[in-house]
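Novice: The structure file work-v7.pdb (PDB, C-alpha atoms and all ligand atoms) is provided below.
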```
ATOM      1  CA  MET A 259     121.185  23.470 116.508
ATOM      2  CA  ASP A 260     117.842  25.010 117.401
ATOM      3  CA  LEU A 261     118.333  28.754 117.044
ATOM      4  CA  GLY A 262     115.376  29.463 119.314
ATOM      5  CA  LEU A 263     113.821  31.998 116.966
ATOM      6  CA  ARG A 264     110.388  30.427 116.628
ATOM      7  CA  ASP A 265     107.656  33.071 117.126
ATOM      8  CA  ARG A 266     110.191  35.813 117.816
ATOM      9  CA  VAL A 267     109.086  39.093 116.210
ATOM     10  CA  ALA A 268     111.719  40.449 113.840
ATOM     11  CA  VAL A 269     111.892  43.817 112.097
ATOM     12  CA  VAL A 270     114.085  43.913 108.979
ATOM     13  CA  ALA A 271     114.638  47.318 107.413
ATOM     14  CA  ALA A 272     115.210  47.939 103.705
ATOM     15  CA  ALA A 273     114.360  44.399 102.733
ATOM     16  CA  SER A 274     112.477  44.256  99.436
ATOM     17  CA  ARG A 275     115.623  42.788  97.828
ATOM     18  CA  GLY A 276     119.298  42.050  98.413
ATOM     19  CA  ILE A 277     120.825  41.249 101.795
ATOM     20  CA  GLY A 278     117.805  42.625 103.678
ATOM     21  CA  PHE A 279     115.420  40.370 101.767
ATOM     22  CA  ALA A 280     117.641  37.308 102.233
ATOM     23  CA  THR A 281     117.777  38.054 105.974
ATOM     24  CA  ALA A 282     114.006  38.340 106.242
ATOM     25  CA  MET A 283     113.678  35.042 104.356
ATOM     26  CA  GLU A 284     116.144  33.194 106.617
ATOM     27  CA  LEU A 285     114.515  34.552 109.788
ATOM     28  CA  ALA A 286     111.163  33.321 108.474
ATOM     29  CA  ARG A 287     112.678  29.896 107.740
ATOM     30  CA  GLU A 288     113.596  29.761 111.448
ATOM     31  CA  GLY A 289     109.953  30.412 112.343
ATOM     32  CA  ALA A 290     110.250  34.098 113.257
ATOM     33  CA  ARG A 291     107.397  36.490 112.493
ATOM     34  CA  VAL A 292     108.910  38.938 110.013
ATOM     35  CA  PHE A 293     108.002  42.593 109.436
ATOM     36  CA  LEU A 294     110.005  44.221 106.670
ATOM     37  CA  CYS A 295     110.015  47.679 105.138
ATOM     38  CA  SER A 296     111.012  49.291 101.896
ATOM     39  CA  ARG A 297     110.348  52.684 100.276
ATOM     40  CA  ASN A 298     107.858  51.220  97.815
ATOM     41  CA  ALA A 299     104.652  49.675  99.228
ATOM     42  CA  GLU A 300     104.164  47.220  96.363
ATOM     43  CA  ASN A 301     107.768  45.972  96.501
ATOM     44  CA  ALA A 302     107.542  45.536 100.278
ATOM     45  CA  ALA A 303     104.271  43.611  99.984
ATOM     46  CA  GLU A 304     105.650  41.459  97.147
ATOM     47  CA  ALA A 305     108.764  40.569  99.181
ATOM     48  CA  ALA A 306     106.571  39.575 102.129
ATOM     49  CA  ARG A 307     104.346  37.475  99.846
ATOM     50  CA  LYS A 308     107.379  35.579  98.507
ATOM     51  CA  ILE A 309     108.651  34.906 102.028
ATOM     52  CA  ASN A 310     105.270  33.700 103.205
ATOM     53  CA  ALA A 311     104.822  31.469 100.128
ATOM     54  CA  GLU A 312     108.277  29.909 100.610
ATOM     55  CA  THR A 313     108.306  29.463 104.393
ATOM     56  CA  GLY A 314     104.684  29.557 105.559
ATOM     57  CA  ALA A 315     105.765  32.023 108.266
ATOM     58  CA  GLU A 316     103.992  35.296 108.941
ATOM     59  CA  ALA A 317     105.606  38.004 106.801
ATOM     60  CA  VAL A 318     104.360  41.553 106.444
ATOM     61  CA  GLY A 319     105.710  44.252 104.113
ATOM     62  CA  ILE A 320     105.218  47.878 105.094
ATOM     63  CA  ARG A 321     106.148  51.047 103.215
ATOM     64  CA  ALA A 322     108.732  53.155 105.034
ATOM     65  CA  ASP A 323     111.779  55.181 104.067
ATOM     66  CA  VAL A 324     114.309  54.697 106.862
ATOM     67  CA  THR A 325     115.693  58.200 106.362
ATOM     68  CA  ASP A 326     112.278  59.625 107.279
ATOM     69  CA  GLU A 327     111.618  60.098 110.991
ATOM     70  CA  ARG A 328     107.813  59.923 110.789
ATOM     71  CA  GLU A 329     107.673  56.954 108.403
ATOM     72  CA  THR A 330     110.128  54.950 110.519
ATOM     73  CA  HIS A 331     108.167  55.776 113.658
ATOM     74  CA  ASP A 332     104.897  54.683 112.007
ATOM     75  CA  PHE A 333     106.517  51.467 110.715
ATOM     76  CA  ILE A 334     107.647  50.421 114.179
ATOM     77  CA  ALA A 335     104.355  51.512 115.762
ATOM     78  CA  GLU A 336     102.470  49.340 113.272
ATOM     79  CA  VAL A 337     104.671  46.320 114.003
ATOM     80  CA  ALA A 338     104.184  46.773 117.745
ATOM     81  CA  ALA A 339     100.419  47.118 117.326
ATOM     82  CA  ARG A 340     100.138  44.034 115.104
ATOM     83  CA  ALA A 341     102.635  41.740 116.830
ATOM     84  CA  GLY A 342     102.457  42.974 120.421
ATOM     85  CA  ARG A 343     106.241  42.791 120.858
ATOM     86  CA  ILE A 344     109.538  43.298 119.035
ATOM     87  CA  ASP A 345     112.484  40.988 119.726
ATOM     88  CA  VAL A 346     114.879  41.469 116.818
ATOM     89  CA  CYS A 347     115.780  44.556 114.794
ATOM     90  CA  VAL A 348     117.973  44.296 111.711
ATOM     91  CA  THR A 349     118.963  47.756 110.484
ATOM     92  CA  ASN A 350     119.745  48.262 106.820
ATOM     93  CA  ALA A 351     119.495  50.843 104.022
ATOM     94  CA  GLY A 352     120.806  51.355 100.517
ATOM     95  CA  GLY A 353     124.513  52.071 100.117
ATOM     96  CA  PRO A 354     125.851  55.649  99.789
ATOM     97  CA  PRO A 355     127.211  56.887  96.431
ATOM     98  CA  ALA A 356     130.874  56.430  95.529
ATOM     99  CA  SER A 357     133.118  59.480  96.070
ATOM    100  CA  THR A 358     136.544  60.560  97.261
ATOM    101  CA  ALA A 359     137.549  62.497 100.384
ATOM    102  CA  LEU A 360     138.809  65.381  98.251
ATOM    103  CA  HIS A 361     135.663  65.751  96.161
ATOM    104  CA  THR A 362     132.727  65.295  98.522
ATOM    105  CA  GLU A 363     130.470  68.161  99.571
ATOM    106  CA  LEU A 364     129.473  68.554 103.225
ATOM    107  CA  GLU A 365     125.823  68.151 102.280
ATOM    108  CA  THR A 366     126.651  64.751 100.746
ATOM    109  CA  TYR A 367     128.196  63.657 104.064
ATOM    110  CA  ARG A 368     125.030  64.812 105.872
ATOM    111  CA  ARG A 369     122.837  62.710 103.563
ATOM    112  CA  ALA A 370     125.080  59.664 103.973
ATOM    113  CA  PHE A 371     124.993  60.040 107.760
ATOM    114  CA  GLU A 372     121.206  60.144 107.593
ATOM    115  CA  LEU A 373     121.075  57.062 105.321
ATOM    116  CA  ASN A 374     123.708  54.803 106.887
ATOM    117  CA  ALA A 375     123.965  55.925 110.510
ATOM    118  CA  LEU A 376     120.929  57.852 111.741
ATOM    119  CA  SER A 377     118.531  55.372 110.107
ATOM    120  CA  ALA A 378     120.009  52.584 112.275
ATOM    121  CA  ILE A 379     120.196  54.728 115.410
ATOM    122  CA  ARG A 380     116.557  55.750 114.953
ATOM    123  CA  LEU A 381     115.384  52.154 114.454
ATOM    124  CA  ALA A 382     117.243  51.050 117.571
ATOM    125  CA  ARG A 383     115.789  53.873 119.659
ATOM    126  CA  LEU A 384     112.287  52.954 118.517
ATOM    127  CA  THR A 385     112.612  49.202 119.085
ATOM    128  CA  LEU A 386     114.657  49.173 122.313
ATOM    129  CA  PRO A 387     111.727  49.982 124.642
ATOM    130  CA  HIS A 388     109.925  46.864 123.330
ATOM    131  CA  MET A 389     112.996  44.694 123.916
ATOM    132  CA  ARG A 390     113.594  46.133 127.389
ATOM    133  CA  GLN A 391     110.026  45.237 128.338
ATOM    134  CA  HIS A 392     110.847  41.528 127.941
ATOM    135  CA  ARG A 393     114.522  41.836 128.932
ATOM    136  CA  TRP A 394     115.531  40.183 125.653
ATOM    137  CA  GLY A 395     116.541  41.698 122.364
ATOM    138  CA  ARG A 396     118.852  41.583 119.373
ATOM    139  CA  ILE A 397     119.970  44.542 117.282
ATOM    140  CA  ILE A 398     122.063  43.753 114.229
ATOM    141  CA  ASN A 399     123.341  46.483 111.927
ATOM    142  CA  ILE A 400     124.266  45.636 108.346
ATOM    143  CA  THR A 401     127.412  47.668 107.656
ATOM    144  CA  SER A 402     130.362  46.846 105.381
ATOM    145  CA  VAL A 403     133.951  45.576 105.398
ATOM    146  CA  SER A 404     134.803  49.277 104.911
ATOM    147  CA  VAL A 405     134.737  49.581 108.732
ATOM    148  CA  LYS A 406     137.716  47.228 108.970
ATOM    149  CA  GLN A 407     139.522  48.163 105.772
ATOM    150  CA  PRO A 408     138.508  51.457 104.132
ATOM    151  CA  ILE A 409     137.612  51.009 100.474
ATOM    152  CA  GLU A 410     139.155  53.328  97.895
ATOM    153  CA  GLY A 411     136.575  55.662  96.326
ATOM    154  CA  LEU A 412     133.938  54.961  98.989
ATOM    155  CA  VAL A 413     134.719  57.691 101.517
ATOM    156  CA  LEU A 414     131.082  57.966 102.639
ATOM    157  CA  SER A 415     130.877  54.287 103.586
ATOM    158  CA  ASN A 416     134.354  54.432 105.163
ATOM    159  CA  ALA A 417     133.532  57.471 107.308
ATOM    160  CA  VAL A 418     129.887  57.043 108.225
ATOM    161  CA  ARG A 419     129.829  53.311 108.953
ATOM    162  CA  ALA A 420     132.858  53.648 111.236
ATOM    163  CA  GLY A 421     130.843  56.209 113.210
ATOM    164  CA  LEU A 422     127.880  53.845 113.413
ATOM    165  CA  THR A 423     130.188  51.091 114.652
ATOM    166  CA  GLY A 424     131.405  53.323 117.497
ATOM    167  CA  TRP A 425     127.806  54.083 118.415
ATOM    168  CA  ALA A 426     126.849  50.385 118.337
ATOM    169  CA  LYS A 427     129.727  49.452 120.650
ATOM    170  CA  THR A 428     128.634  52.142 123.112
ATOM    171  CA  LEU A 429     125.007  51.041 122.997
ATOM    172  CA  ALA A 430     126.000  47.382 123.424
ATOM    173  CA  SER A 431     127.517  48.156 126.854
ATOM    174  CA  GLU A 432     124.567  50.276 127.915
ATOM    175  CA  VAL A 433     121.871  47.692 127.151
ATOM    176  CA  ALA A 434     123.803  44.503 128.006
ATOM    177  CA  PRO A 435     122.329  44.406 131.550
ATOM    178  CA  ASP A 436     118.858  44.236 129.945
ATOM    179  CA  GLY A 437     119.615  41.038 128.018
ATOM    180  CA  ILE A 438     119.900  42.926 124.731
ATOM    181  CA  THR A 439     122.822  42.398 122.351
ATOM    182  CA  VAL A 440     124.014  44.829 119.670
ATOM    183  CA  ASN A 441     126.245  43.598 116.857
ATOM    184  CA  ASN A 442     127.207  44.465 113.289
ATOM    185  CA  VAL A 443     127.549  42.236 110.264
ATOM    186  CA  ALA A 444     130.006  43.593 107.708
ATOM    187  CA  PRO A 445     129.492  42.081 104.267
ATOM    188  CA  GLY A 446     132.213  41.905 101.658
ATOM    189  CA  TYR A 447     131.359  41.739  97.932
ATOM    190  CA  THR A 448     127.898  40.184  97.757
ATOM    191  CA  LEU A 449     126.081  39.357  94.531
ATOM    192  CA  THR A 450     122.867  41.295  95.131
ATOM    193  CA  GLU A 451     120.745  43.161  92.590
ATOM    194  CA  ARG A 452     122.635  46.363  93.432
ATOM    195  CA  GLN A 453     126.018  44.751  92.874
ATOM    196  CA  THR A 454     124.811  43.401  89.521
ATOM    197  CA  GLU A 455     123.624  46.897  88.564
ATOM    198  CA  LEU A 456     127.022  48.317  89.574
ATOM    199  CA  ALA A 457     128.745  45.702  87.406
ATOM    200  CA  GLU A 458     126.520  46.696  84.473
ATOM    201  CA  ALA A 459     127.319  50.403  84.977
ATOM    202  CA  ARG A 460     131.065  49.646  85.251
ATOM    203  CA  SER A 461     130.804  47.510  82.128
ATOM    204  CA  GLN A 462     129.375  50.435  80.152
ATOM    205  CA  GLN A 463     132.102  52.783  81.429
ATOM    206  CA  THR A 464     134.993  50.438  80.706
ATOM    207  CA  GLY A 465     133.837  48.355  77.740
ATOM    208  CA  LYS A 466     134.546  45.171  79.737
ATOM    209  CA  SER A 467     131.764  42.633  80.080
ATOM    210  CA  LYS A 468     129.684  42.400  83.255
ATOM    211  CA  GLU A 469     131.180  38.959  83.888
ATOM    212  CA  GLU A 470     134.730  40.366  83.641
ATOM    213  CA  ILE A 471     133.892  43.098  86.171
ATOM    214  CA  ILE A 472     132.487  40.543  88.604
ATOM    215  CA  ALA A 473     135.551  38.314  88.038
ATOM    216  CA  GLN A 474     137.805  41.297  88.905
ATOM    217  CA  TRP A 475     135.979  41.740  92.192
ATOM    218  CA  ALA A 476     136.168  38.019  92.899
ATOM    219  CA  ALA A 477     139.928  38.021  92.258
ATOM    220  CA  GLN A 478     140.390  40.341  95.284
ATOM    221  CA  VAL A 479     138.775  37.766  97.577
ATOM    222  CA  PRO A 480     140.741  34.749  98.870
ATOM    223  CA  MET A 481     137.677  32.556  98.171
ATOM    224  CA  ARG A 482     137.731  33.866  94.572
ATOM    225  CA  ARG A 483     133.994  34.459  94.489
ATOM    226  CA  LEU A 484     131.361  36.891  95.711
ATOM    227  CA  ALA A 485     129.056  36.009  98.598
ATOM    228  CA  ARG A 486     125.509  34.881  98.034
ATOM    229  CA  PRO A 487     123.071  37.114 100.002
ATOM    230  CA  GLU A 488     121.983  34.030 101.993
ATOM    231  CA  GLU A 489     125.546  33.653 103.296
ATOM    232  CA  ILE A 490     125.399  37.138 104.845
ATOM    233  CA  ALA A 491     121.884  36.436 106.119
ATOM    234  CA  ALA A 492     123.017  33.235 107.869
ATOM    235  CA  ALA A 493     125.462  35.218 110.047
ATOM    236  CA  ILE A 494     122.801  37.823 110.835
ATOM    237  CA  VAL A 495     120.281  35.146 111.794
ATOM    238  CA  PHE A 496     122.795  33.480 114.098
ATOM    239  CA  LEU A 497     123.486  36.796 115.862
ATOM    240  CA  ALA A 498     119.713  37.280 116.148
ATOM    241  CA  SER A 499     119.304  33.898 117.771
ATOM    242  CA  GLU A 500     119.095  32.636 121.320
ATOM    243  CA  ARG A 501     122.367  30.773 120.719
ATOM    244  CA  ALA A 502     124.309  34.056 120.279
ATOM    245  CA  SER A 503     123.345  35.162 123.788
ATOM    246  CA  TYR A 504     126.891  36.024 124.977
ATOM    247  CA  ILE A 505     128.034  37.839 121.831
ATOM    248  CA  THR A 506     127.675  41.605 121.935
ATOM    249  CA  GLY A 507     129.506  44.664 120.633
ATOM    250  CA  VAL A 508     131.237  42.813 117.810
ATOM    251  CA  THR A 509     131.574  43.390 114.097
ATOM    252  CA  LEU A 510     131.516  40.104 112.232
ATOM    253  CA  GLN A 511     132.876  40.387 108.724
ATOM    254  CA  VAL A 512     131.419  37.908 106.239
ATOM    255  CA  ASP A 513     133.733  38.423 103.321
ATOM    256  CA  GLY A 514     135.398  35.234 102.070
ATOM    257  CA  GLY A 515     138.671  36.457 103.634
ATOM    258  CA  TYR A 516     138.697  39.894 101.921
ATOM    259  CA  VAL A 517     139.803  41.885 105.014
ATOM    260  CA  ARG A 518     143.513  41.300 105.545
ATOM    261  CA  SER A 519     143.803  42.455 109.182
ATOM    262  CA  ILE A 520     143.969  39.997 112.100
ATOM    263  CA  PHE A 521     141.065  41.527 114.051
TER     264      PHE A 521
HETATM  265  P1  LIG A 601     120.269  46.442  97.419
HETATM  266  O1  LIG A 601     120.267  47.756  96.697
HETATM  267  O2  LIG A 601     120.255  45.194  96.609
HETATM  268  O3  LIG A 601     119.041  46.416  98.445
HETATM  269  C1  LIG A 601     118.787  47.526  99.242
HETATM  270  C2  LIG A 601     117.363  47.439  99.781
HETATM  271  O4  LIG A 601     117.154  48.583 100.619
HETATM  272  C3  LIG A 601     116.282  47.505  98.717
HETATM  273  O5  LIG A 601     115.224  46.683  99.123
HETATM  274  C4  LIG A 601     115.868  48.975  98.726
HETATM  275  O6  LIG A 601     114.534  49.160  98.284
HETATM  276  C5  LIG A 601     115.977  49.270 100.209
HETATM  277  N1  LIG A 601     116.223  50.673 100.551
HETATM  278  C6  LIG A 601     117.204  51.463 100.076
HETATM  279  N2  LIG A 601     117.138  52.673 100.661
HETATM  280  C7  LIG A 601     116.093  52.650 101.513
HETATM  281  C8  LIG A 601     115.517  53.590 102.398
HETATM  282  N3  LIG A 601     115.977  54.843 102.508
HETATM  283  N4  LIG A 601     114.447  53.222 103.148
HETATM  284  C9  LIG A 601     113.942  51.961 103.046
HETATM  285  N5  LIG A 601     114.439  51.028 102.219
HETATM  286  C10 LIG A 601     115.510  51.365 101.469
HETATM  287  O7  LIG A 601     121.555  46.509  98.395
HETATM  288  P2  LIG A 601     122.398  45.328  99.083
HETATM  289  O8  LIG A 601     123.500  44.959  98.155
HETATM  290  O9  LIG A 601     121.483  44.301  99.642
HETATM  291  O10 LIG A 601     123.104  46.154 100.281
HETATM  292  C11 LIG A 601     122.486  46.358 101.531
HETATM  293  C12 LIG A 601     123.448  47.184 102.387
HETATM  294  O11 LIG A 601     124.678  46.473 102.551
HETATM  295  C13 LIG A 601     123.818  48.530 101.746
HETATM  296  O12 LIG A 601     123.955  49.519 102.733
HETATM  297  C14 LIG A 601     125.144  48.227 101.101
HETATM  298  O13 LIG A 601     125.941  49.385 100.914
HETATM  299  C15 LIG A 601     125.752  47.282 102.109
HETATM  300  N6  LIG A 601     126.805  46.454 101.542
HETATM  301  C16 LIG A 601     126.582  45.744 100.410
HETATM  302  C17 LIG A 601     127.609  44.999  99.858
HETATM  303  C18 LIG A 601     127.424  44.216  98.569
HETATM  304  O14 LIG A 601     128.418  43.796  97.986
HETATM  305  N7  LIG A 601     126.201  43.994  98.118
HETATM  306  C19 LIG A 601     128.872  44.974 100.471
HETATM  307  C20 LIG A 601     129.066  45.698 101.651
HETATM  308  C21 LIG A 601     128.008  46.445 102.169
END
```
As a first step, turn the structure in this file into structure tokens.
Ligand code: NAD
Specialist:
Amino acid sequence: MDLGLRDRVAVVAAASRGIGFATAMELAREGARVFLCSRNAENAAEAARKINAETGAEAVGIRADVTDERETHDFIAEVAARAGRIDVCVTNAGGPPASTALHTELETYRRAFELNALSAIRLARLTLPHMRQHRWGRIINITSVSVKQPIEGLVLSNAVRAGLTGWAKTLASEVAPDGITVNNVAPGYTLTERQTELAEARSQQTGKSKEEIIAQWAAQVPMRRLARPEEIAAAIVFLASERASYITGVTLQVDGGYVRSIF
């Protein structure tokens, strides 16, 4: 199937590693022109270099913290100036810290809302005018299975990402007449650098090996393994494609069967 992404201009936020990086790589493999950001200029440039070396596609890494209004604005302005258009926007950021509903300060909720909701809303607001101009666009938010099945000890993800999902559904209806789709991809356990670091931290707390910690996570998943970042990226790239033209306002979980609900 030709995904119809050749020469489309794609913005991928928070993409120097992990799911964001894998998404930028897969979009480039489909012939899209990829502009990624990360908080560290060298890491962003290095990620873009790797993508270009592997795929031959145009890939540019730009420094921007997605929680910073000015830096996000400048990132999108630079993409628009260099590429002349923006067709696809994949929103992403680091995950919020673990905490419980009983022991989380209000200020911590504010920071999580900034990191995992406002960052996406801001990116969409900045890229939508470019999509509207050509009456074609794709916005895909990377969220989490926590929106379908709240995860114990992750109240910030459970609360904030559900809010973002409500916003995305609302936006999807508002921009549908313009040929723009808005969807969310909700990853389950995915073996990224961050997940490996979490396993190492858990290993030091519990005395279990890193491999045992990862095996415990895998045991909760019907497929009995964690996702590879490329498996999450494949779903994102499909939703970004021409072929996904009639899909909007959905949350697609990519989780090896982890979420137990029907919908
Ligand atoms: P990761 O830590 O491996 O990668 C995160 C990337 O985002 C890095 O490139 C980092 O530099 C960049 N980044 C972080 N904060 C940023 C900011 N403020 N501005 C710009 N760039 C920023 O994480 P990951 O595992 O790829 O996860 C990506 C997202 O998916 C996170 O929100 C995470 O919570 C969520 N998620 C991950 C999993 C999983 O198992 N890995 C599962 C569900 C949801």
Novice: Using the chain letters and numbers from this file, what does the PyMOL selection byres (((chain A and resi 516) around 8) and not hetatm) select? Give the answer as a ChimeraX atom specification.
Specialist: /A:446,478-480,513-515,517-518
Novice: I need the residue nearest Met389 of chain A from this list: A:Val433, A:Ala356, A:Val337, A:Ile409. Use all atoms listed in the file for the distance.
Specialist: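 Smallest separation from Met389 of chain A among the options: A:Val433.
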Novice: Ranking A:Arg275, A:Arg483, A:Arg390, A:Lys466 by minimum distance to ligand LIG 601 (chain A) and counting only C-alpha atoms and all ligand atoms, which one comes first?
Specialist: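 Under the stated criterion, the closest residue is A:Arg275.
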Novice: Skipping near chain neighbours, those fewer than 6 positions away, what residues fall within 6 Å of Asn442 of chain A using all atoms listed in the file, listed as a PDB file with C-alpha atoms, in the coordinates of the input?
Specialist:
```pdb
ATOM      1  CA  ILE A 398     122.063  43.753 114.229  1.00  0.00           C
ATOM      2  CA  ASN A 399     123.341  46.483 111.927  1.00  0.00           C
ATOM      3  CA  ILE A 400     124.266  45.636 108.346  1.00  0.00           C
ATOM      4  CA  THR A 509     131.574  43.390 114.097  1.00  0.00           C
TER       5      THR A 509
END
```
Novice: Within 8 Å of ligand LIG 601 (chain A) (counting only C-alpha atoms and all ligand atoms), which residues show up? I'd like them as a CSV table (one decimal) with C-alpha atoms, in the coordinates of the input.
Specialist:
```csv
chain,number,residue,atom,x,y,z
A,271,ALA,CA,114.6,47.3,107.4
A,272,ALA,CA,115.2,47.9,103.7
A,273,ALA,CA,114.4,44.4,102.7
A,274,SER,CA,112.5,44.3,99.4
A,275,ARG,CA,115.6,42.8,97.8
A,276,GLY,CA,119.3,42.0,98.4
A,277,ILE,CA,120.8,41.2,101.8
A,278,GLY,CA,117.8,42.6,103.7
A,279,PHE,CA,115.4,40.4,101.8
A,295,CYS,CA,110.0,47.7,105.1
A,296,SER,CA,111.0,49.3,101.9
A,297,ARG,CA,110.3,52.7,100.3
A,298,ASN,CA,107.9,51.2,97.8
A,301,ASN,CA,107.8,46.0,96.5
A,302,ALA,CA,107.5,45.5,100.3
A,321,ARG,CA,106.1,51.0,103.2
A,322,ALA,CA,108.7,53.2,105.0
A,323,ASP,CA,111.8,55.2,104.1
A,324,VAL,CA,114.3,54.7,106.9
A,325,THR,CA,115.7,58.2,106.4
A,326,ASP,CA,112.3,59.6,107.3
A,350,ASN,CA,119.7,48.3,106.8
A,351,ALA,CA,119.5,50.8,104.0
A,352,GLY,CA,120.8,51.4,100.5
A,353,GLY,CA,124.5,52.1,100.1
A,354,PRO,CA,125.9,55.6,99.8
A,373,LEU,CA,121.1,57.1,105.3
A,374,ASN,CA,123.7,54.8,106.9
A,400,ILE,CA,124.3,45.6,108.3
A,401,THR,CA,127.4,47.7,107.7
A,402,SER,CA,130.4,46.8,105.4
A,403,VAL,CA,134.0,45.6,105.4
A,404,SER,CA,134.8,49.3,104.9
A,415,SER,CA,130.9,54.3,103.6
A,444,ALA,CA,130.0,43.6,107.7
A,445,PRO,CA,129.5,42.1,104.3
A,446,GLY,CA,132.2,41.9,101.7
A,447,TYR,CA,131.4,41.7,97.9
A,448,THR,CA,127.9,40.2,97.8
A,449,LEU,CA,126.1,39.4,94.5
A,450,THR,CA,122.9,41.3,95.1
A,451,GLU,CA,120.7,43.2,92.6
A,452,ARG,CA,122.6,46.4,93.4
A,453,GLN,CA,126.0,44.8,92.9
A,484,LEU,CA,131.4,36.9,95.7
A,485,ALA,CA,129.1,36.0,98.6
A,487,PRO,CA,123.1,37.1,100.0
```
Novice: Could you check which residues have any atom within 12 Å of (108.1, 40.8, 109.6), counting all atoms listed in the file with coordinates taken straight from the file, and then list them as a count of residues only?
Specialist: 53
Novice: Quick one: pull the distance between atom CA of Leu384 of chain A and atom CA of His331 of chain A, Å, one decimal.
Specialist: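 Result for atom CA of Leu384 of chain A versus atom CA of His331 of chain A: 7.0 Å, one decimal.
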Novice: Pick the closest to Tyr504 of chain A from A:Ala430, A:Leu360, A:Ala382, A:Lys468: which is it, counting all atoms listed in the file?
Specialist: A:Ala430
Novice: Could you state the separation of atom CA of Gly262 of chain A and atom CA of Thr330 of chain A in Å, given to one decimal place?
Specialist: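 Atom-to-atom, atom CA of Gly262 of chain A and atom CA of Thr330 of chain A are spaced 27.5 Å apart.
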Novice: List, as a ChimeraX atom specification, every residue that the PyMOL selection byres (((chain A and resi 421) around 12) and not hetatm) selects in the file provided.
Specialist: /A:370-372,374-376,378-379,401,404-405,414-420,422-428
Novice: Expressed in Å to a single decimal, how great is the separation between atom CA of Asp332 of chain A and atom CA of Ile397 of chain A?
Specialist: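 These atoms are spaced 18.9 Å apart.
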Novice: Could you put an axis-aligned box around every listed atom of segment 270-285 of chain A, padded by 5 Å on each side, and send me its centre and edge lengths in Å to one decimal, as lines of an AutoDock Vina configuration file?
Specialist:
```
center_x = 116.7
center_y = 40.6
center_z = 103.8
size_x = 18.3
size_y = 24.7
size_z = 22.0
```
Novice: Using only C-alpha atoms, can you tell me which of A:Val413, A:Leu261, A:Ala280, A:Ile472 comes closest to Glu489 of chain A?
Specialist: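 Selected residue with least distance to Glu489 of chain A: A:Ala280.
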